[in-house]
Amino acid sequence: MNRFAFLTLYRSLTRHRLYAALNIGGLAVGIAVFLVLGLYVRFETSYETWLPHHDQVYIVQTVVNMPDSPVNGAYPNTMGGLLEEMKADFPGLTGTRINGVGATVLRGGIGTAEDLAWVDAQFFEVMDLPMVQGDGARALADPSNVLIDANMARKYFGSTDAIGQTLTLNIGAGTAPYRVAGIFAPLPRNTDLKFTMLTRIPNGAPKGNEDWWYHWSSTSVNTYLRFPNPAAAKAFAARMPAFVVRHGATDLGADADKMMQLTLLPLTDLHLTPAGRDMASMRQTIITLGVVGALTMLIAIVNYVNLATARAGLRAREVAMRKVLGASRSMLVRQFTGEAILTTALAALVALALAELGLPLVNAAAGLALSIPYATVVPALLVLSIVVGIGAGLYPAVLLSRFPAAAVLASARSPGGGRTGARLREMLVVFQFALATAFITGTLVLVAQTRHLRQADLGFARDGLIVVKSMAGLSEGQQGTMREAIASLPIIRAVGIADSAAGGFGNNNDNNIEIPGRPGYGPSLREIVVGRGFFATYGARVIAGRVFDNQHGADDSYGTKSKDNRAIVINRTAVGVLGFRSAQEAVGKTLGKGHPRTIIGVVDDMRFFSPHVPMEATYYTYWSHDVGAPVLTARYAGRMDAAMDAVRDTWRKIAPEVPFDAAPANQELAKLFEDDDHAANLFTIGSVLAVLIGCIGLWGLASFNTSRRVKEIGIRKALGASSRDVVKLLVGQFLRPVLIANVIAWPLAWVAMRQWLAGFSDRIALSPLYFVAATLLALAIAVLTVIAQSLRAARATPAWALHHE
Amino acid sequence: MIRLENIQRRYVSDEVETTALADIDLDVAAGEFVAIMGPSGCGKSTLLNTLGTVDRPTAGRYLFGDRDLVALNEAELARFRAMTLGFVFQSFNLIDELTIAENVELGLIYRKDAGGDRKGRVAAAMDRVGISHRARHYPHQLSGGQQQRAAIARAIVGKPKLILADEPTGNLDSENGQQVMDILTSLNADGATIIMVTHSPSHADIARRRIDMLDGRIVASLARAI
Ligand SMILES: Nc1ncnc2c1ncn2[C@@H]1O[C@H](COP(=O)(O)OP(=O)(O)O)[C@@H](O)[C@H]1O
Ligand SMILES: [Mg+2]
């Protein structure tokens with residue numbers, strides 16, 4: 001490129017300011033979207049990669065495969081004592097358990113809940129956490145030591161210089177002093193590990209866990225193993241079935257290896273692997289968003305090529321003159337490619353600025369903390385500029401340099417790439433609008449589904465409920481006192497206790513219920529133990545029979561044995577699962593052979609758990625007091641914060657040493673689809689920008705076409721065409737490609753959205769209305785984009801147009 | 001049929017003001033054949049465009065029959081052009097993407113009464129100028145003379161009362177130019193009013209009246225004795 005080449009580029013950018021702004025702006029927005037979504041994908045796929053030798057670490061998965069069980073699936077948890085049994089059989093195995101038990105830090109009689117995890121002495125051989133102070137492995141050697149992260153050190157001791165200090169902790173079994181022996185760096189955001197404190201896991205079953213710590217098919221801790229290479233891991237995995245039979249036969253029966261498998265999942269795959277019954281694939285969401293980013297950039301590049309090619313025709317005269325003056329074809333190709341690279345680099349620079357400005361917004365919308373790693377992004381953008389520049393510049397450059405100079409100079413009319421050029425441009429418009437319409441459809445469905453998740457009937461009124469999760473930390477005596485005290489608050493209308501609550505806490509118990517006259521164990525149902533006031537507090541809808549009350553003494557299962565007859569209430573789903581034709585038919589029936597259960601009533605399904613998990617057949621039993629793993633739910637009337645304050649004050653008065661943990665039910669429920677919400681936000685941002693870029697492309701093309709047809713418009717007007725005729729002509733030429741685009745977009749969007757919705761058990765129907773609405777929207781956007789300049793062209797006096805070259 | 005009174009046309013661009021037409025008065029009767037001559041830039045095209053209502057005068061009155069065209073709005077002017085006028089340009093101005101037959105048909109599609117037998121009328125118009133055998137070709141496949149004859153076919157297919165021709169022979173050799181003049185003469189003999197800009201004195205002589213322009217004014221108007 002010579003000085004004049006720069007000069008022409010500079011002049012053409014400043015002369016055609018709007019064109020340049022749209023061309024560079026469109027490309028920049030496309031690159032920015034790609035950049036931001038790329039960062040997101042990078043973040044989501046980088047989980048645990050910050051750990052040293054993360055590629056050697058595996059998590060043990062428990063694959064449950066029981067007959068008729070709704071809990072079948074692969075879970076990243078294992079039995080508490082599994083590692084000990086493994087080590088006994090496989091000497092030299094390197095592994096650690098992580099058991100996020102939590103702890104209460106006591107200071108001046110006031111308890112604060114912290115995320116403490118129990119780990120094995122070998123923890124640092126598996127997860128070599130970066131240390132700020134002290135030696136991690138040495139610190140774990142003594143069970144009375146605690147390791148805390150730098151934030152905790154600052155919180156409790158004012159600085160990270162806290163080695164040797166003492167923390168009074170209650171880890172579920174009374175308070176004891178622990179010596180701070182190591183400070184580790186706070187965990188980064190790209191991790192599923194969740195702890196701020198570490199202590200040694202007790203040898204043998206911890207107090208209170210004796211029943212199930214060594215019970216096969218229980219899942220209570222995470223077990224991690226480290227192998228020197230994948231082959232070693234594979235060999236180990238191959239020996240698991242025999243191991244399961246050896247140790248699990250007592251609990252699982254002779255075919256233990258069929259009921260349950262132990263598999264190894266690479267640690268770095270954990271984040272994107274759905275657990276158990278979860279129907280949604282996070283991996284698919286991330287791929288989708290990555291594709292949205294790539295396609296948005298592709299649209300922008302297509303636009304750029306499109307406009308550059310279209311404009312090439314308008315520059316034909318300049319090219320012809322240069323040729324006449326002696327420029328060779330290769331010189332011209334070099335000039336135009338150079339221009340394109342320079343323009344793309346400019347766009348990349350603007351993109352970087354846009355991404356920097358847009359990131360806080362995106363972070364807020366998606367609950368992220370992304371930042372631009374300039375060291376990798378800048379060289380990547382440079383390469384991108386060159387590749388896109390060559391890609392976008394070469395075609396028009398070759399096209400331009402090929403125009404025969406003499407013909408161009410002799411003819412009155414500028415070549416526009418001819419018929420093939422026009423066809424190509426139309427195809428590109430089709431491509432763009434197909435994607436744009438598919439994106440719009442996707443956004444509509446996404447927004448409708450997330451709205452549905454927020455508002456759908458869950459079988460109970462989700463507003464006006466507070467869930468107090470910290471009840472289990474109270475002594476049994478305190479629990480009753482707390483319940484009465486909260487119930488007597490004027491702002492509280494009703495209080496119920498159960499081992500589950502909206503948002504999904506407490507116990508996870510499934511039991512098989514044998515059906516008389518049918519072979520086998522019978523279907524597996526979730527069991528929820530409820531205390532007084534549970535159904536009234538949630539406002540459960542009773543479909544048949546009645547719910548528990550204290551008038552019927554037989555309702556109370558407290559203190560009964562499993563083989564005693566217990567009164568149960570079942571939910572609507574259970575009616576069908578248990579083989580009844582109607583709820584009425586179920587009432588009064590007694591099921592279960594060795595464990596008789598009599599159905600006294602049926603309530604409507606109440607969705608406490610993730611919308612990604614199918615609604616479970618459930619039965620409720622009633623304990624008049626001392627429900628295990630209790631969660632208290634309170635219904636209030638009035639303002640949420642006032643109710644929360646009142647409950648908190650009551651709590652602090654009765655049990656100041658136990659950390660108070662409560663949240664509004666709708667907030668807990670929203671957490672269950674937080675990730676979907678964030679992905680939906682990102683998708684929406686991406687789509688809106690993709691559509692915007694599509695509009696820029698259409699606008700540019702329309703303006704090019706209009707300017708190319710100025711003369712024709714003049715002729716038509718001289719022949720008596722009215723302005724309306726001309727507008728119809730100009731707008732009409734874009735409707736055809738936009739309509740064809742819709743035909744392509746519909747099946748695309750249908751398949752994609754059906755797939756996405758399949759990840760939800762609680763989902764909307766994929767109505768054709770979304771598609772029709774997206775089409776109308778796309779058409780409206782297309783018409784609005786081209787109408788202004790069509791009107792302007794149509795209104796211009798024909799004399800001017802006829803003069804126009 | 002046509003009366004121009006005190007017609008002015010000024011162009012203002014980049015603070016440079018050009019007076020293309022300064023105070024033009026002109027009467028043209030039905031059936032006349034008028035030739036306009038004058039040096040380049042004197043306002044001939046502007047005058048013709050004004051007559052054709054594709055350009056609006058800055059001041060003055062334009063009466064066509066008893067209608068004041070200056071008072072009409074855009075849509076009404078478009079209808080007026082479609083029903084009453086035929087244009088022939090120096091550079092033909094055929095639409096490249098349409099065939100010759102389609103270009104000619106363009107002269108009808110904006111006429112509300114064009115309904116019946118469009119194909120027949122298009123064929124007749126092409127026949128009249130002798131380009132029927134080129135109906136399915138595209139403009140760039142034709143010679144200049146043929147293109148100009150196609151443009152004339154487009155101008156006459158709607159049987160306009162007034163034909164405006166801006167240097168119709170300007171881009172043609174003498175033989176093709178003569179052919180075009182013969183067609184115009186015969187159209188005039190059939191009753192069409194024709195106003196034509198030309199640089200050729202011999203072509204101007206074919207017209208019955210010659211108007212000379214200079215610097216946006218009419219400096220002479222000579223009727224040829226028959
Ligand atoms: N669109 C326009 N803008 C500015 N000036 C114009 C325009 N069209 C014509 N003119 C000027 O008006 C004058 C008359 O032009 P025109 O009627 O085309 O001349 P002619 O046809 O006699 O050669 C010229 O000086 C020309 O430069
Ligand atoms: Mg002229």
# chains A, B, ... in the order shown; residues from 1 in each chain; ligands from 1
$ residues_around --residues "B:Ile95" --least-positions-apart "4" --cutoff "9 Å" --atoms "only C-alpha atoms" --output "list in words"
Lys711, Glu712 and Ile715 of chain A; Thr99, Ile100, Asn103, Tyr138 and Pro139 of chain B
$ write_last_selection --atoms "C-alpha atoms" --output "CSV table (one decimal), in the first residue's frame"
chain,number,residue,atom,x,y,z
A,711,LYS,CA,-31.9,5.9,-12.6
A,712,GLU,CA,-34.4,3.2,-13.0
A,715,ILE,CA,-37.3,6.4,-15.6
B,99,THR,CA,-36.2,-7.2,-21.8
B,100,ILE,CA,-37.1,-4.9,-24.7
B,103,ASN,CA,-39.2,-2.1,-21.2
B,138,TYR,CA,-31.9,-7.2,-23.2
B,139,PRO,CA,-30.9,-3.6,-23.9
$ residues_near_ligand --ligand "ligand 2" --cutoff "10 Å" --atoms "only C-alpha atoms and all ligand atoms" --output "PyMOL selection string"
(chain A and resi 803) or (chain B and resi 38-49+89-90+166-167+197-198)
$ residues_around --residues "A:Ala567" --least-positions-apart "3" --cutoff "7 Å" --atoms "only C-alpha atoms" --output "MDAnalysis selection string"
chainID A and resid 554:555 597:600 621
$ write_last_selection --atoms "all heavy atoms" --output "compact mmCIF listing (two decimals), in the first residue's frame"
# COMPACT_ATOMS: atom_id res chain seq x y z
N ALA A 554 -54.33 -41.60 65.13
CA ALA A 554 -53.63 -42.56 64.29
C ALA A 554 -52.82 -41.89 63.18
O ALA A 554 -52.00 -42.54 62.53
CB ALA A 554 -54.61 -43.55 63.68
N ASP A 555 -53.04 -40.60 62.95
CA ASP A 555 -52.27 -39.90 61.92
C ASP A 555 -50.80 -39.82 62.29
O ASP A 555 -49.93 -39.78 61.43
CB ASP A 555 -52.79 -38.46 61.76
CG ASP A 555 -54.09 -38.41 60.96
OD1 ASP A 555 -54.56 -39.50 60.59
OD2 ASP A 555 -54.59 -37.30 60.73
N ARG A 597 -49.19 -49.00 54.73
CA ARG A 597 -49.41 -47.55 54.70
C ARG A 597 -50.85 -47.32 54.23
O ARG A 597 -51.23 -47.84 53.18
CB ARG A 597 -48.45 -46.88 53.70
CG ARG A 597 -46.97 -47.15 53.94
CD ARG A 597 -46.41 -46.32 55.08
NE ARG A 597 -45.00 -46.56 55.31
CZ ARG A 597 -44.53 -47.39 56.27
NH1 ARG A 597 -45.38 -48.06 57.04
NH2 ARG A 597 -43.25 -47.54 56.43
N THR A 598 -51.61 -46.55 54.99
CA THR A 598 -53.00 -46.30 54.60
C THR A 598 -53.15 -44.87 54.11
O THR A 598 -52.76 -43.92 54.80
CB THR A 598 -53.94 -46.55 55.80
OG1 THR A 598 -53.78 -47.91 56.21
CG2 THR A 598 -55.39 -46.32 55.39
N ILE A 599 -53.71 -44.76 52.92
CA ILE A 599 -53.86 -43.43 52.32
C ILE A 599 -55.08 -42.76 52.92
O ILE A 599 -56.20 -43.29 52.83
CB ILE A 599 -54.02 -43.56 50.79
CG1 ILE A 599 -52.76 -44.23 50.19
CG2 ILE A 599 -54.26 -42.20 50.15
CD1 ILE A 599 -52.96 -44.71 48.77
N ILE A 600 -54.87 -41.58 53.53
CA ILE A 600 -56.03 -40.86 54.08
C ILE A 600 -56.44 -39.69 53.21
O ILE A 600 -57.52 -39.15 53.33
CB ILE A 600 -55.74 -40.35 55.51
CG1 ILE A 600 -54.56 -39.36 55.50
CG2 ILE A 600 -55.46 -41.51 56.46
CD1 ILE A 600 -54.52 -38.50 56.75
N THR A 621 -45.74 -38.47 55.44
CA THR A 621 -46.12 -39.03 56.74
C THR A 621 -46.04 -37.91 57.76
O THR A 621 -45.39 -36.88 57.54
CB THR A 621 -45.18 -40.17 57.19
OG1 THR A 621 -43.83 -39.74 57.02
CG2 THR A 621 -45.43 -41.42 56.38
$ residues_around --residues "stretch 141-150 of chain B" --least-positions-apart "4" --cutoff "9 Å" --atoms "only C-alpha atoms" --output "PyMOL selection string"
chain B and resi 88-94+100-101+103-104+125-126+129-131+134+137+154-155+168-169+171-173+175-177+179-180+183
$ residues_around --residues "A:Ala162" --least-positions-apart "2" --cutoff "10 Å" --atoms "only C-alpha atoms" --output "number ranges by chain"
A: 133-134, 148, 150, 152-154, 156-160, 164-166, 179-183
$ closest_residue --among "B:Asp190, B:Glu15, B:Asp66, B:Glu5" --to "ligand 1" --atoms "only C-alpha atoms and all ligand atoms"
B:Glu15
$ closest_residue --among "B:Arg136, B:Arg61, B:Arg224, B:Arg217" --to "ligand 1" --atoms "only C-alpha atoms and all ligand atoms"
B:Arg217
$ atom_distance --atom1 "atom CA of A:Asp626" --atom2 "atom CA of A:Glu476"
6.3 Å
$ interface_residues --of "chain B" --to "chain A" --cutoff "9 Å" --atoms "only C-alpha atoms" --output "short mmCIF file (atom, residue, chain, number, x, y, z; two decimals) with all heavy atoms, in the first residue's frame"
data_model
loop_
_atom_site.label_atom_id
_atom_site.label_comp_id
_atom_site.auth_asym_id
_atom_site.auth_seq_id
_atom_site.Cartn_x
_atom_site.Cartn_y
_atom_site.Cartn_z
N THR B 46 -33.47 21.29 -18.84
CA THR B 46 -34.29 21.77 -17.73
C THR B 46 -35.68 22.17 -18.23
O THR B 46 -36.70 21.85 -17.60
CB THR B 46 -33.60 22.96 -17.04
OG1 THR B 46 -32.26 22.58 -16.73
CG2 THR B 46 -34.32 23.35 -15.78
N ASN B 49 -37.58 18.99 -19.02
CA ASN B 49 -37.97 18.32 -17.77
C ASN B 49 -39.12 19.04 -17.10
O ASN B 49 -40.00 18.43 -16.49
CB ASN B 49 -36.79 18.21 -16.81
CG ASN B 49 -35.79 17.15 -17.26
OD1 ASN B 49 -36.15 16.25 -18.03
ND2 ASN B 49 -34.56 17.28 -16.82
N THR B 50 -39.09 20.36 -17.17
CA THR B 50 -40.18 21.14 -16.58
C THR B 50 -41.48 20.85 -17.34
O THR B 50 -42.53 20.63 -16.74
CB THR B 50 -39.86 22.64 -16.64
OG1 THR B 50 -38.58 22.83 -16.03
CG2 THR B 50 -40.90 23.46 -15.92
N GLY B 52 -42.10 18.23 -18.83
CA GLY B 52 -42.47 16.84 -18.51
C GLY B 52 -42.85 16.64 -17.07
O GLY B 52 -43.10 15.50 -16.66
N THR B 53 -42.86 17.70 -16.28
CA THR B 53 -43.20 17.68 -14.85
C THR B 53 -42.30 16.77 -14.03
O THR B 53 -42.63 16.40 -12.91
CB THR B 53 -44.68 17.27 -14.57
OG1 THR B 53 -44.84 15.88 -14.83
CG2 THR B 53 -45.66 18.09 -15.37
N VAL B 54 -41.16 16.39 -14.57
CA VAL B 54 -40.22 15.65 -13.73
C VAL B 54 -39.33 16.62 -12.98
O VAL B 54 -38.55 16.23 -12.12
CB VAL B 54 -39.36 14.63 -14.52
CG1 VAL B 54 -40.25 13.55 -15.10
CG2 VAL B 54 -38.55 15.31 -15.60
N ASP B 55 -39.44 17.89 -13.29
CA ASP B 55 -38.73 18.92 -12.54
C ASP B 55 -39.76 20.02 -12.26
O ASP B 55 -40.62 20.29 -13.09
CB ASP B 55 -37.58 19.47 -13.39
CG ASP B 55 -36.53 20.15 -12.52
OD1 ASP B 55 -36.78 20.30 -11.30
OD2 ASP B 55 -35.47 20.52 -13.06
N ARG B 56 -39.69 20.60 -11.07
CA ARG B 56 -40.65 21.65 -10.73
C ARG B 56 -39.99 23.02 -10.86
O ARG B 56 -38.87 23.20 -10.38
CB ARG B 56 -41.14 21.49 -9.29
CG ARG B 56 -42.28 20.51 -9.14
CD ARG B 56 -42.62 20.40 -7.66
NE ARG B 56 -43.67 19.42 -7.43
CZ ARG B 56 -44.97 19.71 -7.48
NH1 ARG B 56 -45.38 20.93 -7.76
NH2 ARG B 56 -45.86 18.76 -7.26
N GLU B 74 -47.67 15.45 -6.00
CA GLU B 74 -46.80 14.44 -6.63
C GLU B 74 -47.59 13.32 -7.30
O GLU B 74 -47.32 12.94 -8.43
CB GLU B 74 -45.88 13.83 -5.57
CG GLU B 74 -44.53 14.53 -5.44
CD GLU B 74 -43.78 14.58 -6.77
OE1 GLU B 74 -43.72 13.54 -7.45
OE2 GLU B 74 -43.28 15.66 -7.13
N ALA B 75 -48.57 12.79 -6.56
CA ALA B 75 -49.32 11.64 -7.08
C ALA B 75 -50.10 12.04 -8.33
O ALA B 75 -50.17 11.29 -9.31
CB ALA B 75 -50.26 11.12 -6.01
N GLU B 76 -50.67 13.26 -8.29
CA GLU B 76 -51.45 13.73 -9.45
C GLU B 76 -50.54 13.93 -10.66
O GLU B 76 -50.90 13.60 -11.79
CB GLU B 76 -52.18 15.03 -9.10
CG GLU B 76 -53.32 14.79 -8.13
CD GLU B 76 -53.84 16.07 -7.49
OE1 GLU B 76 -53.06 17.05 -7.39
OE2 GLU B 76 -54.99 16.09 -7.09
N LEU B 77 -49.34 14.44 -10.39
CA LEU B 77 -48.39 14.64 -11.49
C LEU B 77 -47.98 13.30 -12.09
O LEU B 77 -47.88 13.16 -13.32
CB LEU B 77 -47.14 15.38 -11.00
CG LEU B 77 -47.32 16.88 -10.80
CD1 LEU B 77 -46.01 17.50 -10.31
CD2 LEU B 77 -47.77 17.57 -12.07
N ALA B 78 -47.78 12.30 -11.22
CA ALA B 78 -47.40 10.98 -11.71
C ALA B 78 -48.49 10.45 -12.64
O ALA B 78 -48.21 9.91 -13.71
CB ALA B 78 -47.18 10.02 -10.55
N ARG B 79 -49.75 10.63 -12.22
CA ARG B 79 -50.86 10.16 -13.06
C ARG B 79 -50.90 10.94 -14.39
O ARG B 79 -51.09 10.36 -15.44
CB ARG B 79 -52.19 10.32 -12.32
CG ARG B 79 -53.23 9.34 -12.81
CD ARG B 79 -54.46 9.32 -11.91
NE ARG B 79 -54.13 9.36 -10.50
CZ ARG B 79 -54.68 10.24 -9.64
NH1 ARG B 79 -55.57 11.13 -10.06
NH2 ARG B 79 -54.34 10.22 -8.38
N PHE B 80 -50.64 12.25 -14.28
CA PHE B 80 -50.62 13.08 -15.49
C PHE B 80 -49.56 12.58 -16.47
O PHE B 80 -49.82 12.40 -17.66
CB PHE B 80 -50.34 14.54 -15.08
CG PHE B 80 -49.97 15.43 -16.25
CD1 PHE B 80 -50.95 15.90 -17.11
CD2 PHE B 80 -48.63 15.76 -16.48
CE1 PHE B 80 -50.61 16.70 -18.19
CE2 PHE B 80 -48.29 16.57 -17.56
CZ PHE B 80 -49.28 17.04 -18.42
N ARG B 81 -48.38 12.29 -15.96
CA ARG B 81 -47.31 11.81 -16.83
C ARG B 81 -47.69 10.47 -17.46
O ARG B 81 -47.50 10.26 -18.66
CB ARG B 81 -46.01 11.62 -16.04
CG ARG B 81 -45.33 12.89 -15.65
CD ARG B 81 -43.89 12.63 -15.22
NE ARG B 81 -43.80 11.88 -13.97
CZ ARG B 81 -43.76 12.44 -12.76
NH1 ARG B 81 -43.85 13.77 -12.64
NH2 ARG B 81 -43.67 11.70 -11.69
N ALA B 82 -48.24 9.58 -16.63
CA ALA B 82 -48.58 8.25 -17.14
C ALA B 82 -49.60 8.35 -18.26
O ALA B 82 -49.53 7.62 -19.25
CB ALA B 82 -49.10 7.38 -16.01
N MET B 83 -50.55 9.28 -18.15
CA MET B 83 -51.65 9.33 -19.11
C MET B 83 -51.33 10.18 -20.32
O MET B 83 -51.86 9.95 -21.40
CB MET B 83 -52.91 9.92 -18.43
CG MET B 83 -53.37 9.17 -17.20
SD MET B 83 -53.74 7.45 -17.53
CE MET B 83 -55.17 7.61 -18.58
N LEU B 85 -47.96 11.82 -21.23
CA LEU B 85 -46.64 12.11 -21.79
C LEU B 85 -45.89 10.88 -22.29
O LEU B 85 -46.13 9.77 -21.83
CB LEU B 85 -45.76 12.77 -20.72
CG LEU B 85 -46.23 14.10 -20.14
CD1 LEU B 85 -45.20 14.62 -19.17
CD2 LEU B 85 -46.48 15.12 -21.24
N GLY B 86 -44.99 11.12 -23.23
CA GLY B 86 -44.01 10.12 -23.62
C GLY B 86 -42.64 10.77 -23.61
O GLY B 86 -42.48 11.89 -24.08
N PHE B 87 -41.64 10.06 -23.03
CA PHE B 87 -40.29 10.62 -22.94
C PHE B 87 -39.32 9.84 -23.83
O PHE B 87 -39.35 8.61 -23.86
CB PHE B 87 -39.76 10.50 -21.51
CG PHE B 87 -40.17 11.62 -20.61
CD1 PHE B 87 -41.30 11.51 -19.81
CD2 PHE B 87 -39.41 12.79 -20.55
CE1 PHE B 87 -41.68 12.54 -18.98
CE2 PHE B 87 -39.78 13.81 -19.70
CZ PHE B 87 -40.92 13.70 -18.92
N SER B 91 -29.70 9.29 -23.73
CA SER B 91 -29.01 8.04 -23.37
C SER B 91 -30.00 6.89 -23.19
O SER B 91 -29.78 5.98 -22.41
CB SER B 91 -28.18 8.24 -22.10
OG SER B 91 -29.00 8.82 -21.10
N ASN B 93 -31.95 5.35 -21.62
CA ASN B 93 -32.53 5.04 -20.32
C ASN B 93 -33.49 3.85 -20.32
O ASN B 93 -34.58 3.90 -19.75
CB ASN B 93 -33.26 6.26 -19.73
CG ASN B 93 -32.26 7.20 -19.08
OD1 ASN B 93 -31.21 6.77 -18.62
ND2 ASN B 93 -32.59 8.47 -19.06
N LEU B 94 -33.03 2.80 -20.95
CA LEU B 94 -33.79 1.55 -20.81
C LEU B 94 -33.32 0.89 -19.52
O LEU B 94 -32.19 1.09 -19.09
CB LEU B 94 -33.52 0.63 -22.01
CG LEU B 94 -33.98 1.19 -23.35
CD1 LEU B 94 -33.46 0.34 -24.50
CD2 LEU B 94 -35.50 1.30 -23.42
N ILE B 95 -34.18 0.07 -18.90
CA ILE B 95 -33.78 -0.61 -17.66
C ILE B 95 -33.07 -1.91 -18.03
O ILE B 95 -33.61 -2.75 -18.74
CB ILE B 95 -35.01 -0.86 -16.77
CG1 ILE B 95 -35.56 0.50 -16.32
CG2 ILE B 95 -34.64 -1.72 -15.57
CD1 ILE B 95 -36.82 0.43 -15.54
N ASP B 96 -31.83 -2.02 -17.55
CA ASP B 96 -30.96 -3.12 -18.00
C ASP B 96 -31.49 -4.49 -17.66
O ASP B 96 -31.21 -5.46 -18.33
CB ASP B 96 -29.57 -2.95 -17.37
CG ASP B 96 -28.97 -1.62 -17.74
OD1 ASP B 96 -28.51 -1.48 -18.87
OD2 ASP B 96 -29.01 -0.70 -16.90
N GLU B 97 -32.21 -4.57 -16.53
CA GLU B 97 -32.66 -5.88 -16.06
C GLU B 97 -33.92 -6.36 -16.77
O GLU B 97 -34.38 -7.48 -16.52
CB GLU B 97 -32.89 -5.87 -14.55
CG GLU B 97 -31.62 -5.88 -13.70
CD GLU B 97 -30.94 -4.52 -13.62
OE1 GLU B 97 -31.59 -3.52 -14.04
OE2 GLU B 97 -29.78 -4.45 -13.18
N LEU B 106 -43.43 -1.14 -19.84
CA LEU B 106 -43.34 -0.21 -18.73
C LEU B 106 -44.11 1.08 -19.03
O LEU B 106 -44.61 1.75 -18.12
CB LEU B 106 -41.86 0.12 -18.49
CG LEU B 106 -41.37 0.29 -17.07
CD1 LEU B 106 -41.78 -0.85 -16.19
CD2 LEU B 106 -39.87 0.45 -17.08
N GLY B 107 -44.21 1.42 -20.34
CA GLY B 107 -44.95 2.62 -20.75
C GLY B 107 -46.44 2.50 -20.50
O GLY B 107 -47.17 3.50 -20.60
N LEU B 108 -46.89 1.28 -20.17
CA LEU B 108 -48.33 1.08 -19.95
C LEU B 108 -48.68 0.82 -18.49
O LEU B 108 -49.78 1.14 -18.06
CB LEU B 108 -48.82 -0.12 -20.77
CG LEU B 108 -48.98 0.08 -22.28
CD1 LEU B 108 -49.40 -1.23 -22.92
CD2 LEU B 108 -50.02 1.17 -22.56
N ILE B 109 -47.72 0.22 -17.74
CA ILE B 109 -48.16 -0.36 -16.46
C ILE B 109 -48.58 0.69 -15.45
O ILE B 109 -49.28 0.36 -14.50
CB ILE B 109 -47.09 -1.29 -15.82
CG1 ILE B 109 -45.85 -0.50 -15.43
CG2 ILE B 109 -46.73 -2.45 -16.71
CD1 ILE B 109 -44.98 -1.29 -14.48
N TYR B 110 -48.20 1.93 -15.63
CA TYR B 110 -48.63 2.93 -14.66
C TYR B 110 -49.89 3.65 -15.12
O TYR B 110 -50.34 4.59 -14.49
CB TYR B 110 -47.49 3.91 -14.37
CG TYR B 110 -46.31 3.21 -13.76
CD1 TYR B 110 -45.09 3.12 -14.42
CD2 TYR B 110 -46.44 2.60 -12.51
CE1 TYR B 110 -44.03 2.45 -13.85
CE2 TYR B 110 -45.38 1.92 -11.94
CZ TYR B 110 -44.17 1.85 -12.62
OH TYR B 110 -43.12 1.18 -12.04
N ARG B 111 -50.45 3.23 -16.27
CA ARG B 111 -51.71 3.82 -16.75
C ARG B 111 -52.87 3.03 -16.20
O ARG B 111 -52.91 1.81 -16.31
CB ARG B 111 -51.76 3.78 -18.28
CG ARG B 111 -50.82 4.74 -18.95
CD ARG B 111 -50.88 4.51 -20.43
NE ARG B 111 -52.15 4.97 -20.98
CZ ARG B 111 -52.27 6.09 -21.65
NH1 ARG B 111 -51.23 6.84 -21.89
NH2 ARG B 111 -53.44 6.46 -22.13
N ARG B 154 -41.44 2.66 -26.21
CA ARG B 154 -41.93 2.80 -24.84
C ARG B 154 -42.67 4.12 -24.67
O ARG B 154 -43.69 4.19 -23.99
CB ARG B 154 -40.74 2.76 -23.87
CG ARG B 154 -41.15 2.85 -22.41
CD ARG B 154 -39.95 2.79 -21.50
NE ARG B 154 -39.04 3.92 -21.71
CZ ARG B 154 -37.85 4.03 -21.16
NH1 ARG B 154 -37.40 3.07 -20.37
NH2 ARG B 154 -37.08 5.07 -21.41
N ALA B 155 -42.18 5.19 -25.35
CA ALA B 155 -42.80 6.50 -25.21
C ALA B 155 -44.17 6.55 -25.88
O ALA B 155 -45.07 7.24 -25.42
CB ALA B 155 -41.88 7.58 -25.79
#
